[in-house]
file input_37.cif (mmCIF, C-alpha atoms)
data_start
loop_
_atom_site.group_PDB
_atom_site.id
_atom_site.type_symbol
_atom_site.label_atom_id
_atom_site.label_comp_id
_atom_site.auth_asym_id
_atom_site.auth_seq_id
_atom_site.Cartn_x
_atom_site.Cartn_y
_atom_site.Cartn_z
ATOM 1 C CA MET T 1 64.597 116.880 134.005
ATOM 2 C CA THR T 2 66.624 117.959 130.985
ATOM 3 C CA ASN T 3 66.002 121.108 129.036
ATOM 4 C CA PRO T 4 64.803 120.422 125.511
ATOM 5 C CA THR T 5 67.174 121.547 122.808
ATOM 6 C CA VAL T 6 66.244 123.352 119.647
ATOM 7 C CA PRO T 7 65.949 120.826 116.801
ATOM 8 C CA GLN T 8 68.821 121.019 114.318
ATOM 9 C CA SER T 9 66.933 120.179 111.107
ATOM 10 C CA GLY T 10 63.492 120.071 109.571
ATOM 11 C CA GLU T 11 63.363 116.299 109.953
ATOM 12 C CA ASP T 12 64.207 116.670 113.670
ATOM 13 C CA LEU T 13 61.142 118.918 113.979
ATOM 14 C CA LEU T 14 58.891 116.177 112.636
ATOM 15 C CA ALA T 15 60.577 113.208 114.346
ATOM 16 C CA GLY T 16 58.200 113.018 117.302
ATOM 17 C CA LEU T 17 54.976 113.224 115.323
ATOM 18 C CA ARG T 18 52.918 110.199 114.339
ATOM 19 C CA SER T 19 53.315 109.321 110.673
ATOM 20 C CA ARG T 20 49.768 110.387 109.793
ATOM 21 C CA THR T 21 50.275 113.758 111.506
ATOM 22 C CA ALA T 22 53.696 114.346 109.991
ATOM 23 C CA GLY T 23 52.363 113.603 106.516
ATOM 24 C CA GLY T 24 51.248 117.178 106.086
ATOM 25 C CA ARG T 25 54.788 118.522 106.244
ATOM 26 C CA HIS T 26 55.211 118.980 102.513
ATOM 27 C CA ARG T 27 51.744 120.453 102.002
ATOM 28 C CA ALA T 28 52.629 123.262 104.438
ATOM 29 C CA ALA T 29 55.163 124.734 102.037
ATOM 30 C CA ARG T 30 52.660 124.820 99.175
ATOM 31 C CA THR T 31 49.356 125.810 100.756
ATOM 32 C CA GLY T 32 49.940 127.575 104.030
ATOM 33 C CA LEU T 33 49.302 126.168 107.455
ATOM 34 C CA ARG T 34 45.826 125.246 108.579
ATOM 35 C CA ALA T 35 44.744 122.592 111.007
ATOM 36 C CA ARG T 36 42.113 121.900 113.638
ATOM 37 C CA GLY T 37 41.216 119.101 115.982
ATOM 38 C CA ARG T 38 41.828 117.777 119.479
ATOM 39 C CA ARG T 39 43.758 120.378 121.396
ATOM 40 C CA ASP T 40 46.873 118.752 122.887
ATOM 41 C CA ARG T 41 47.886 116.512 120.014
ATOM 42 C CA GLN T 42 46.818 118.973 117.350
ATOM 43 C CA ASP T 43 48.522 121.960 119.019
ATOM 44 C CA ARG T 44 51.720 119.934 119.131
ATOM 45 C CA ALA T 45 51.363 118.968 115.464
ATOM 46 C CA ILE T 46 50.536 122.529 114.450
ATOM 47 C CA THR T 47 53.540 124.002 116.241
ATOM 48 C CA HIS T 48 55.864 121.382 114.733
ATOM 49 C CA ARG T 49 54.475 122.045 111.251
ATOM 50 C CA ILE T 50 54.862 125.804 111.689
ATOM 51 C CA ALA T 51 58.451 125.378 112.907
ATOM 52 C CA TYR T 52 59.167 123.007 109.996
ATOM 53 C CA ALA T 53 57.761 125.463 107.417
ATOM 54 C CA VAL T 54 59.757 128.322 108.940
ATOM 55 C CA GLU T 55 62.947 126.230 109.060
ATOM 56 C CA GLN T 56 62.456 125.191 105.405
ATOM 57 C CA GLY T 57 61.996 128.843 104.377
ATOM 58 C CA ALA T 58 58.382 128.412 103.258
ATOM 59 C CA PHE T 59 57.273 131.330 105.440
ATOM 60 C CA PRO T 60 59.156 134.150 107.154
ATOM 61 C CA PRO T 61 58.499 133.696 110.900
ATOM 62 C CA ASN T 62 57.402 137.312 111.339
ATOM 63 C CA GLN T 63 54.591 136.700 108.823
ATOM 64 C CA VAL T 64 53.080 133.646 110.548
ATOM 65 C CA LEU T 65 50.241 133.854 113.050
ATOM 66 C CA ALA T 66 49.127 130.804 115.028
ATOM 67 C CA VAL T 67 45.585 131.315 116.300
ATOM 68 C CA THR T 68 43.831 129.414 119.071
ATOM 69 C CA PHE T 69 40.839 129.807 121.386
ATOM 70 C CA THR T 70 42.251 130.536 124.830
ATOM 71 C CA ALA T 71 45.025 132.712 126.221
ATOM 72 C CA ARG T 72 46.428 129.644 127.975
ATOM 73 C CA ALA T 73 46.641 127.686 124.700
ATOM 74 C CA ALA T 74 48.258 130.678 122.970
ATOM 75 C CA GLY T 75 50.870 130.875 125.732
ATOM 76 C CA GLU T 76 51.581 127.154 125.427
ATOM 77 C CA MET T 77 51.938 127.514 121.650
ATOM 78 C CA ARG T 78 54.388 130.407 122.060
ATOM 79 C CA GLY T 79 56.452 128.288 124.452
ATOM 80 C CA ARG T 80 56.483 125.312 122.074
ATOM 81 C CA LEU T 81 57.402 127.516 119.124
ATOM 82 C CA ARG T 82 60.303 129.027 121.087
ATOM 83 C CA MET T 83 61.559 125.533 122.009
ATOM 84 C CA LEU T 84 61.386 124.542 118.330
ATOM 85 C CA GLY T 85 63.394 127.557 117.184
ATOM 86 C CA ALA T 86 60.437 129.520 115.793
ATOM 87 C CA GLY T 87 60.142 132.105 118.557
ATOM 88 C CA ALA T 88 59.454 134.950 116.111
ATOM 89 C CA VAL T 89 56.101 133.360 115.171
ATOM 90 C CA GLN T 90 53.165 135.014 116.905
ATOM 91 C CA ALA T 91 50.544 132.921 118.736
ATOM 92 C CA ARG T 92 47.329 134.663 119.798
ATOM 93 C CA THR T 93 43.706 134.018 120.586
ATOM 94 C CA PHE T 94 41.156 134.653 117.845
ATOM 95 C CA HIS T 95 39.893 137.676 119.733
ATOM 96 C CA SER T 96 43.271 139.274 120.391
ATOM 97 C CA ALA T 97 44.327 138.706 116.763
ATOM 98 C CA ALA T 98 41.113 140.321 115.510
ATOM 99 C CA LEU T 99 41.475 143.266 117.909
ATOM 100 C CA ARG T 100 45.067 143.821 116.836
ATOM 101 C CA GLN T 101 44.047 143.837 113.168
ATOM 102 C CA LEU T 102 41.159 146.213 113.893
ATOM 103 C CA GLN T 103 43.471 148.614 115.677
ATOM 104 C CA TYR T 104 46.025 148.458 112.865
ATOM 105 C CA PHE T 105 43.723 148.690 109.837
ATOM 106 C CA TRP T 106 40.973 151.015 111.131
ATOM 107 C CA PRO T 107 42.945 154.280 110.801
ATOM 108 C CA HIS T 108 44.054 153.322 107.267
ATOM 109 C CA THR T 109 40.687 152.143 105.956
ATOM 110 C CA VAL T 110 38.068 154.075 107.932
ATOM 111 C CA GLY T 111 40.084 156.953 109.349
ATOM 112 C CA GLY T 112 40.351 158.276 112.853
ATOM 113 C CA PRO T 113 40.920 156.263 115.995
ATOM 114 C CA SER T 114 39.534 152.732 116.181
ATOM 115 C CA PRO T 115 36.395 152.164 118.282
ATOM 116 C CA GLN T 116 36.899 151.634 121.983
ATOM 117 C CA LEU T 117 35.886 148.223 123.266
ATOM 118 C CA MET T 118 33.901 147.868 126.456
ATOM 119 C CA ASP T 119 35.227 145.652 129.250
ATOM 120 C CA THR T 120 31.669 144.696 130.175
ATOM 121 C CA LYS T 121 28.272 145.213 128.596
ATOM 122 C CA LEU T 122 26.498 145.827 131.919
ATOM 123 C CA PRO T 123 26.549 149.658 131.666
ATOM 124 C CA LEU T 124 24.955 149.415 128.217
ATOM 125 C CA VAL T 125 22.351 146.932 129.501
ATOM 126 C CA ALA T 126 21.636 149.330 132.405
ATOM 127 C CA GLU T 127 21.198 152.144 129.876
ATOM 128 C CA ALA T 128 18.754 149.950 127.915
ATOM 129 C CA VAL T 129 16.798 149.122 131.078
ATOM 130 C CA ALA T 130 16.538 152.841 131.923
ATOM 131 C CA ALA T 131 15.448 153.632 128.339
ATOM 132 C CA CYS T 132 12.597 151.142 128.859
ATOM 133 C CA ARG T 133 11.668 152.981 132.089
ATOM 134 C CA MET T 134 12.502 149.947 134.204
ATOM 135 C CA ARG T 135 14.871 149.269 137.084
ATOM 136 C CA ALA T 136 17.193 146.342 137.637
ATOM 137 C CA ASP T 137 19.796 145.455 140.236
ATOM 138 C CA ARG T 138 23.261 144.219 139.262
ATOM 139 C CA SER T 139 22.250 140.557 139.414
ATOM 140 C CA GLU T 140 19.278 141.163 137.125
ATOM 141 C CA LEU T 141 21.485 143.175 134.735
ATOM 142 C CA ARG T 142 23.814 140.158 134.481
ATOM 143 C CA ASP T 143 20.829 137.892 133.791
ATOM 144 C CA LEU T 144 19.516 140.260 131.108
ATOM 145 C CA ALA T 145 22.995 140.396 129.558
ATOM 146 C CA SER T 146 23.010 136.578 129.469
ATOM 147 C CA GLU T 147 19.646 136.550 127.698
ATOM 148 C CA ILE T 148 20.928 139.083 125.152
ATOM 149 C CA GLU T 149 24.049 136.957 124.558
ATOM 150 C CA TRP T 150 21.916 133.823 124.123
ATOM 151 C CA SER T 151 19.688 135.686 121.674
ATOM 152 C CA LYS T 152 22.620 136.915 119.628
ATOM 153 C CA ALA T 153 24.307 133.495 119.640
ATOM 154 C CA THR T 154 21.111 131.829 118.411
ATOM 155 C CA GLN T 155 20.315 134.693 115.996
ATOM 156 C CA VAL T 156 17.064 135.599 117.727
ATOM 157 C CA THR T 157 15.919 139.174 117.089
ATOM 158 C CA PRO T 158 14.417 141.342 119.853
ATOM 159 C CA ASP T 159 10.947 140.988 118.293
ATOM 160 C CA ASP T 160 11.268 137.194 118.197
ATOM 161 C CA TYR T 161 12.692 136.881 121.708
ATOM 162 C CA PRO T 162 9.442 136.122 123.626
ATOM 163 C CA ALA T 163 8.448 133.207 121.377
ATOM 164 C CA ALA T 164 12.006 131.882 120.979
ATOM 165 C CA SER T 165 12.721 131.946 124.707
ATOM 166 C CA ALA T 166 9.461 130.078 125.445
ATOM 167 C CA LYS T 167 10.216 127.489 122.748
ATOM 168 C CA ALA T 168 13.736 126.965 124.165
ATOM 169 C CA GLY T 169 12.408 126.686 127.722
ATOM 170 C CA ARG T 170 14.394 129.705 128.901
ATOM 171 C CA LEU T 171 13.544 131.382 132.190
ATOM 172 C CA PRO T 172 14.276 135.078 131.613
ATOM 173 C CA PRO T 173 14.772 137.389 134.597
ATOM 174 C CA ARG T 174 11.719 139.419 133.526
ATOM 175 C CA ASP T 175 8.610 138.917 131.497
ATOM 176 C CA PRO T 176 9.777 137.755 128.035
ATOM 177 C CA ALA T 177 8.161 140.761 126.324
ATOM 178 C CA GLU T 178 10.002 143.132 128.696
ATOM 179 C CA THR T 179 13.265 141.250 128.140
ATOM 180 C CA GLY T 180 12.709 141.600 124.386
ATOM 181 C CA ARG T 181 12.212 145.363 124.818
ATOM 182 C CA VAL T 182 15.440 145.634 126.849
ATOM 183 C CA TYR T 183 17.231 143.673 124.116
ATOM 184 C CA ALA T 184 15.871 146.080 121.456
ATOM 185 C CA ALA T 185 16.931 149.099 123.541
ATOM 186 C CA TYR T 186 20.375 147.533 124.013
ATOM 187 C CA GLU T 187 20.772 147.146 120.231
ATOM 188 C CA ALA T 188 19.633 150.766 119.707
ATOM 189 C CA ALA T 189 22.138 152.013 122.307
ATOM 190 C CA LYS T 190 24.925 150.082 120.558
ATOM 191 C CA ARG T 191 23.977 151.608 117.196
ATOM 192 C CA ASP T 192 23.905 155.108 118.726
ATOM 193 C CA ARG T 193 27.453 154.676 120.016
ATOM 194 C CA GLY T 194 28.700 153.662 116.577
#
call {"tool": "encode", "arguments": {"input": "input_37.cif", "output": "structure tokens"}}
result
Amino acid sequence: MTNPTVPQSGEDLLAGLRSRTAGGRHRAARTGLRARGRRDRQDRAITHRIAYAVEQGAFPPNQVLAVTFTARAAGEMRGRLRMLGAGAVQARTFHSAALRQLQYFWPHTVGGPSPQLMDTKLPLVAEAVAACRMRADRSELRDLASEIEWSKATQVTPDDYPAASAKAGRLPPRDPAETGRVYAAYEAAKRDRG
């Protein structure tokens, strides 16, 4: 297996792309880079377009951020960008990019240290269960956390939880009204912590 070499020109960067995919090369210099679609082919097209724009001088590489969904995809993008001669371009997940921006801008815009993120929400769910004068083992805490995540993802409020969970055919770990109370206590605990 031969080691790939860094392309020598902008046209070399686009040589392997299908004509329809490569067609966006000139738009990149005018509008910025933005693309979405099927992962493997699109990630390849995106990295080639980024490398092309950097090579053509449209963007300084240290001012380009490629964003994807998973840490694995971000690692693959970084590797492709390095092979294409655009190793100074950053590739991150949406979450890590957002966290990095929060940590950078918070002291300048809000003041003080940025909020600390929790590794898991289980301690906060346990606090909510205790505030409702209930008990739950670790397995039940995980199930309650799942119900809270489902509620937030579907924009169901704590008051609406019992009816929404019944309508969706959910099987909560506790009585739906109790689960709704735990969800409300969880939201209150989050607000109290800032």
call {"tool": "atom_distance", "arguments": {"input": "input_37.cif", "atom1": "CA of Pro158 (chain T)", "atom2": "CA of Arg181 (chain T)"}}
result
6.8 Å
call {"tool": "residues_near_point", "arguments": {"input": "input_37.cif", "point": "(55.1, 126.1, 117.9)", "cutoff": "10 Å", "atoms": "only C-alpha atoms", "output": "list in words"}}
result
Asp43, Arg44, Ala45, Ile46, Thr47, His48, Arg49, Ile50, Ala51, Tyr52, Ala66, Ala74, Glu76, Met77, Arg78, Gly79, Arg80, Leu81, Arg82, Met83, Leu84, Gly85, Ala86, Gly87, Val89, Gln90 and Ala91 of chain T
call {"tool": "write_last_selection", "arguments": {"input": "input_37.cif", "atoms": "C-alpha atoms", "output": "PDB file, keeping the file's coordinate frame"}}
result
ATOM      1  CA  ASP T  43      48.522 121.960 119.019  1.00  0.00           C
ATOM      2  CA  ARG T  44      51.720 119.934 119.131  1.00  0.00           C
ATOM      3  CA  ALA T  45      51.363 118.968 115.464  1.00  0.00           C
ATOM      4  CA  ILE T  46      50.536 122.529 114.450  1.00  0.00           C
ATOM      5  CA  THR T  47      53.540 124.002 116.241  1.00  0.00           C
ATOM      6  CA  HIS T  48      55.864 121.382 114.733  1.00  0.00           C
ATOM      7  CA  ARG T  49      54.475 122.045 111.251  1.00  0.00           C
ATOM      8  CA  ILE T  50      54.862 125.804 111.689  1.00  0.00           C
ATOM      9  CA  ALA T  51      58.451 125.378 112.907  1.00  0.00           C
ATOM     10  CA  TYR T  52      59.167 123.007 109.996  1.00  0.00           C
ATOM     11  CA  ALA T  66      49.127 130.804 115.028  1.00  0.00           C
ATOM     12  CA  ALA T  74      48.258 130.678 122.970  1.00  0.00           C
ATOM     13  CA  GLU T  76      51.581 127.154 125.427  1.00  0.00           C
ATOM     14  CA  MET T  77      51.938 127.514 121.650  1.00  0.00           C
ATOM     15  CA  ARG T  78      54.388 130.407 122.060  1.00  0.00           C
ATOM     16  CA  GLY T  79      56.452 128.288 124.452  1.00  0.00           C
ATOM     17  CA  ARG T  80      56.483 125.312 122.074  1.00  0.00           C
ATOM     18  CA  LEU T  81      57.402 127.516 119.124  1.00  0.00           C
ATOM     19  CA  ARG T  82      60.303 129.027 121.087  1.00  0.00           C
ATOM     20  CA  MET T  83      61.559 125.533 122.009  1.00  0.00           C
ATOM     21  CA  LEU T  84      61.386 124.542 118.330  1.00  0.00           C
ATOM     22  CA  GLY T  85      63.394 127.557 117.184  1.00  0.00           C
ATOM     23  CA  ALA T  86      60.437 129.520 115.793  1.00  0.00           C
ATOM     24  CA  GLY T  87      60.142 132.105 118.557  1.00  0.00           C
ATOM     25  CA  VAL T  89      56.101 133.360 115.171  1.00  0.00           C
ATOM     26  CA  GLN T  90      53.165 135.014 116.905  1.00  0.00           C
ATOM     27  CA  ALA T  91      50.544 132.921 118.736  1.00  0.00           C
TER      28      ALA T  91
END
call {"tool": "residues_around", "arguments": {"input": "input_37.cif", "residues": "Lys167 (chain T)", "least_positions_apart": "5", "cutoff": "12 Å", "atoms": "only C-alpha atoms", "output": "list in words"}}
result
Val156, Asp160, Tyr161, Pro162 and Pro176 of chain T
call {"tool": "atom_distance", "arguments": {"input": "input_37.cif", "atom1": "CA of Ala53 (chain T)", "atom2": "CA of Leu65 (chain T)"}}
result
12.6 Å
call {"tool": "resolve_selection", "arguments": {"input": "input_37.cif", "expression": "the PyMOL selection byres ((chain T and resi 183) around 9)", "output": "PyMOL selection string"}}
result
chain T and resi 125+128-129+144-145+147-148+151+157-159+161+178-182+184-188
